[in-house]
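Peer 1: What follows is a structure written as C-alpha cells; I'll ask about it next.
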Amino acid sequence: MPTLSDVIGLLEGWYPPHTAEDWDAVGLTCGDPASDVRRILLAVDPVLAVADEARAFDADLVVTHHPLFLRATHGVAATTPKGRLVHQLITNGCALYTAHTNADAPADGVSESLALALGLVDPEPLEPNARGPLDKIVVFAPRDSAPAIRAALTDVGAGAIGDYDSCSFSTPGEGRFRPLDGAQPTIGAVGELETVEEVRIEAVLARELRSAVVTAMLAAHPYEEPAYDVIELATLDDLTSGSGRIGRLEKPLSLKEFADRVAGVLPTTAQGVRVAGDPARRVETVALCGGAGDFLLDRARAAGADVYLTSDLRHHPASESREYGGPALVDVAHWAAEWTWLPVLQRKLATALGDTVETRVSATNTDPWTFHVAGRD
Ligand SMILES: [Zn+2]
C-alpha cells in the first residue's frame with residue numbers, strides 16, 4: 001500500500017511544484033507523509049461539502065486544484081469555514097494536497113484536459129512556456145583523451161536531450177600551439193610550434209550546470225591550458241507546456257454546434273454556456289484556457305482562433321476583443337472547465353497505483369453559482 005509520500009512523489013513528478021506561479025500556494029496542506037493511502041478523492045475546490053464527501057468515502061487523501069489557503073494564515077481554529085474544514089479532515093485522518101498553477105500548463109494538465117475533452121486534435125500551448133535555458137560546451141582535446149572527456153561531461157549531466165543522455169558530437173581536426181617560457185606542456189616542447197591530432201567535442205547542457213560541467217571538463221582534460229567555448233543557446237518554446245491550448249476540431253462546426261458540444265461535455269452548471277458571436281459562424285480552430293483566461297484574449301486573436309473558450313470573462317476585455325475582430329467567445333463556469341482535469345488525474349493515478357488504491361472524482365458540484373434567470377421574453 002502506498003504512503004502519502006509515495007502519492008505526493010507521483011503528483012510532483014507530473015506537476016512539479018516549482019513550476020507554480022510565485023503567488024500560488026501548492027502542495028500538502030495537512031496530512032502525515034508517512035500515513036497509508038487507500039482511497040483518494042479528487043475535487044476542484046477544498047470546501048466543506050467536499051470534506052463531507054471525503055468522510056463518506058473514507059478517503060485518506062483529497063487532491064484539489066484550488067488551494068485552501070492562498071494568503072497568510074495565522075490559525076486554523078474551527079471557528080471559520082476553512083479552519084473547520086482542516087479540523088474535519090484531520091479528525092478523519094484525511095490529507096489535503098493541492099496542484100494549482102503547476103497543474104495548468106503541463107501535458108495532462110487542466111487546459112490540455114479541457115482541450116481533449118472537447119475533441120481538439122493535436123492541441124498545443126496557446127502561450128508556450130520557454131524551455132529551460134541551455135548552454136553548449138565545445139572542447140578541443142587530443143584524440144586519445146576524448147573518451148574520458150566525453151564521460152566527464154556526461155557524468156555531471158551534460159548531453160541530456162529529452163529522453164536521451166550521453167549526447168555529444170565529435171569532429172577530428174588539427175590543433176596548434178607553441179608553449180612559451182614557464183609552460184609545462186603535456187605534448188610538445190617550450191618554444192616549438194606543435195601540431196596535434198585533436199577532436200572537437202560538443203555537448204549541450206542546462207545552464208544551471210555550467211560551472212559543474214566546466215570544472216569536470218577541466219579535471220579530465222590533459223592539457224595545462226585547455227581550449228574550450230561555452231555558448232549560450234537561443235531560448236526556444238516548449239511545445240508541451242504553457243498557458244491555454246489551441247487546436248483544430250476534426251470537422252468544422254457552426255458556433256452553435258460547438259456551444260452544444262461544450263454543454264454536452266462539461267458538467268451541468270447554473271450558468272450554462274454563454275456565447276458571443278454569430279451562431280452560424282464556422283468554427284475550426286479553437287483556443288481555450290481552463291480557469292480565468294482573460295489574459296489570453298489577445299493571444300487567441302493573434303493565433304487566428306475562430307473561437308476562444310474560457311471562464312470568468314469580464315465585460316470590458318470581452319467587449320474590446322469583439323470590437324477588434326477577435327474570435328467568437330464561449331464563457332463556461334470556472335468549476336466546470338477545471339473539472340475536466342479530474343478524470344485525467346484519476347486515470348494517471350489508477351495507472352500508477354493499480355488497484356492498491358481506490359480513486360474517485362468528486363460528485364459534488366462546487367460551482368458557487370446555483371441558479372440562472374434568462375430574462376424577460
Ligand atoms: Zn481555477
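Letters A, B, ... go to the chains of the C-alpha cells in the order shown; residues in each chain start at 1; ligands are counted from 1 in the same order.
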Extract, using only C-alpha atoms, all DNA, RNA and protein residues at most 10 Å from His66 of chain A, discarding same-chain residues fewer than 5 positions from it, and format them as a count of residues only.

Peer 2: 15

Peer 1: For segment 111-193 of chain A versus segment 203-217 of chain A, which residues have an atom no more than 6 Å away, and what is each residue's nearest atom pair and distance in Å rounded to one decimal, using only C-alpha atoms, chain-then-number order, as JSON lines?

Peer 2:
{"residue": "A:Pro133", "atom": "CA", "partner": "A:Arg207", "partner_atom": "CA", "distance": 5.6}
{"residue": "A:Leu134", "atom": "CA", "partner": "A:Ala206", "partner_atom": "CA", "distance": 4.7}
{"residue": "A:Asp135", "atom": "CA", "partner": "A:Arg207", "partner_atom": "CA", "distance": 5.3}
{"residue": "A:Lys136", "atom": "CA", "partner": "A:Val204", "partner_atom": "CA", "distance": 4.3}
{"residue": "A:Ile137", "atom": "CA", "partner": "A:Ala203", "partner_atom": "CA", "distance": 5.6}
{"residue": "A:Ala152", "atom": "CA", "partner": "A:Ala216", "partner_atom": "CA", "distance": 5.8}
{"residue": "A:Leu153", "atom": "CA", "partner": "A:Val213", "partner_atom": "CA", "distance": 5.9}
{"residue": "A:Ala158", "atom": "CA", "partner": "A:Leu205", "partner_atom": "CA", "distance": 4.5}
{"residue": "A:Gly159", "atom": "CA", "partner": "A:Ala203", "partner_atom": "CA", "distance": 5.1}
{"residue": "A:Ser168", "atom": "CA", "partner": "A:Ala203", "partner_atom": "CA", "distance": 4.6}

Peer 1: So which one's closest to ligand 1, A:Leu126, A:Ala95, A:Val262, A:Ala103? Using only C-alpha atoms and all ligand atoms, please.

Peer 2: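 With only C-alpha atoms and all ligand atoms as the atom set, the closest residue is A:Ala103.
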
Peer 1: Can you measure atom CA of Asp377 of chain A to atom CA of Thr268 of chain A for me? One decimal in Å is fine.

Peer 2: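 Atom CA of Thr268 of chain A lies 23.5 Å from atom CA of Asp377 of chain A.
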
Peer 1: Go through segment 195-249 of chain A and collect every residue that DSSP, computed from the backbone, puts in strand (DSSP E or B); the answer should be as a PyMOL selection string.

Peer 2: chain A and resi 195-206+227-232+237-249

Peer 1: Could you save those same residues with N, CA and C atoms as a compact mmCIF listing (two decimals), in the first residue's frame?

Peer 2:
# COMPACT_ATOMS: atom_id res chain seq x y z
N THR A 195 51.87 20.63 -33.67
CA THR A 195 50.59 20.30 -34.32
C THR A 195 50.14 18.95 -33.78
N VAL A 196 48.89 18.88 -33.29
CA VAL A 196 48.40 17.65 -32.65
C VAL A 196 47.08 17.25 -33.28
N GLU A 197 46.90 15.95 -33.49
CA GLU A 197 45.57 15.45 -33.93
C GLU A 197 44.62 15.59 -32.75
N GLU A 198 43.65 16.46 -32.92
CA GLU A 198 42.71 16.72 -31.83
C GLU A 198 41.29 16.42 -32.26
N VAL A 199 40.42 16.45 -31.29
CA VAL A 199 39.00 16.22 -31.53
C VAL A 199 38.24 17.40 -30.94
N ARG A 200 37.26 17.89 -31.71
CA ARG A 200 36.36 18.93 -31.18
C ARG A 200 35.13 18.20 -30.64
N ILE A 201 34.88 18.34 -29.35
CA ILE A 201 33.74 17.66 -28.71
C ILE A 201 32.71 18.73 -28.34
N GLU A 202 31.46 18.51 -28.70
CA GLU A 202 30.43 19.48 -28.29
C GLU A 202 29.25 18.77 -27.65
N ALA A 203 28.67 19.43 -26.67
CA ALA A 203 27.51 18.86 -25.97
C ALA A 203 26.69 20.00 -25.39
N VAL A 204 25.37 19.81 -25.31
CA VAL A 204 24.50 20.80 -24.69
C VAL A 204 24.38 20.51 -23.19
N LEU A 205 24.01 21.53 -22.45
CA LEU A 205 23.82 21.35 -21.01
C LEU A 205 22.84 22.39 -20.50
N ALA A 206 22.12 22.03 -19.45
CA ALA A 206 21.27 23.01 -18.77
C ALA A 206 22.19 24.10 -18.21
N ALA A 227 41.63 24.44 -24.47
CA ALA A 227 40.85 25.40 -25.26
C ALA A 227 39.40 24.93 -25.25
N TYR A 228 38.50 25.83 -24.88
CA TYR A 228 37.08 25.46 -24.86
C TYR A 228 36.22 26.70 -24.97
N ASP A 229 34.99 26.53 -25.43
CA ASP A 229 34.00 27.61 -25.51
C ASP A 229 32.76 27.19 -24.74
N VAL A 230 32.12 28.17 -24.12
CA VAL A 230 30.77 27.94 -23.58
C VAL A 230 29.85 28.95 -24.26
N ILE A 231 28.84 28.43 -24.96
CA ILE A 231 27.98 29.29 -25.79
C ILE A 231 26.56 29.24 -25.23
N GLU A 232 25.93 30.41 -25.06
CA GLU A 232 24.52 30.44 -24.63
C GLU A 232 23.63 30.22 -25.85
N ASP A 237 10.63 27.67 -27.56
CA ASP A 237 9.36 27.33 -26.91
C ASP A 237 9.32 25.85 -26.54
N ASP A 238 8.67 25.59 -25.42
CA ASP A 238 8.36 24.22 -25.05
C ASP A 238 6.97 23.91 -25.61
N LEU A 239 6.89 22.97 -26.54
CA LEU A 239 5.61 22.73 -27.20
C LEU A 239 4.70 21.78 -26.43
N THR A 240 5.13 21.39 -25.21
CA THR A 240 4.26 20.52 -24.42
C THR A 240 3.68 21.23 -23.20
N SER A 241 4.15 22.44 -22.93
CA SER A 241 3.76 23.08 -21.67
C SER A 241 3.58 24.58 -21.89
N GLY A 242 2.51 25.12 -21.31
CA GLY A 242 2.27 26.55 -21.43
C GLY A 242 0.82 26.87 -21.12
N SER A 243 0.49 28.16 -21.19
CA SER A 243 -0.85 28.59 -20.83
C SER A 243 -1.83 28.32 -21.97
N GLY A 244 -3.03 27.83 -21.62
CA GLY A 244 -4.07 27.59 -22.61
C GLY A 244 -3.64 26.54 -23.63
N ARG A 245 -4.56 26.26 -24.54
CA ARG A 245 -4.25 25.33 -25.63
C ARG A 245 -4.93 25.84 -26.89
N ILE A 246 -4.39 25.48 -28.05
CA ILE A 246 -5.04 25.77 -29.32
C ILE A 246 -4.95 24.52 -30.19
N GLY A 247 -6.05 24.22 -30.88
CA GLY A 247 -6.06 23.03 -31.73
C GLY A 247 -7.23 23.11 -32.68
N ARG A 248 -7.34 22.10 -33.51
CA ARG A 248 -8.40 22.06 -34.52
C ARG A 248 -9.48 21.07 -34.10
N LEU A 249 -10.69 21.34 -34.57
CA LEU A 249 -11.74 20.33 -34.47
C LEU A 249 -11.55 19.37 -35.65

Peer 1: What is the atom CA of Val50 of chain A-atom CA of Leu68 of chain A distance in Å, reported with one decimal?

Peer 2: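 Pair atom CA of Val50 of chain A / atom CA of Leu68 of chain A returns 12.0 Å.
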
Peer 1: Give me, as a PDB file with C-alpha atoms, in the first residue's frame, all polymer residues having an atom no more than 6 Å from Ser111 of chain A, counting only C-alpha atoms and skipping those fewer than 6 positions away in the same chain.

Peer 2:
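Saved as out_19.pdb:
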ATOM      1  CA  ASP A 104      -2.498  24.294 -15.503  1.00  0.00           C
ATOM      2  CA  GLY A 244      -4.066  27.592 -22.612  1.00  0.00           C
ATOM      3  CA  CYS A 289      -7.864  28.201 -21.232  1.00  0.00           C
ATOM      4  CA  GLY A 290      -9.034  26.403 -18.101  1.00  0.00           C
TER       5      GLY A 290
END

Peer 1: Using only C-alpha atoms, find the one residue out of A:Gly175, A:Gly13, A:Pro2, A:Gly119 that sits nearest to Val265 of chain A.

Peer 2: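 Closest to Val265 of chain A of all the choices is A:Gly119.
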
Peer 1: Using only C-alpha atoms, which of the listed residues (A:Pro147, A:Asp165, A:Ala292, A:Phe140) sits closest to Glu225 of chain A?

Peer 2: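 Between A:Pro147, A:Asp165, A:Ala292, A:Phe140, the residue approaching Glu225 of chain A most closely is A:Phe140.
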
Peer 1: Given only C-alpha atoms as the basis, pick out the residue of A:Pro106, A:Ala300, A:Gly83, A:Ile187 nearest to Pro17 of chain A.

Peer 2: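 Ranking A:Pro106, A:Ala300, A:Gly83, A:Ile187 by distance to Pro17 of chain A, first place goes to A:Pro106.
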
Peer 1: Just to confirm, what's the straight-line distance from atom CA of Ser362 of chain A to atom CA of Ala20 of chain A in Å (one decimal)?

Peer 2: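 Pair atom CA of Ser362 of chain A / atom CA of Ala20 of chain A returns 23.7 Å.
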
Peer 1: What's around Gln88 of chain A at 9 Å? Count only C-alpha atoms, leave out sequence neighbours fewer than 6 positions away in its own chain, and write the answer as a list of chain:residue names.

Peer 2: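 The contact residues come out as A:Leu48, A:Ala51, A:Asp52, A:Arg55, A:Ala78, A:Cys94.
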
Peer 1: Quick check for you: according to DSSP on this backbone, which residues of segment 23-226 of chain A are classed as alpha helix (DSSP H)? Reply as a PyMOL selection string.

Peer 2: chain A and resi 48-57+81-91+110-117+146-155+210-220
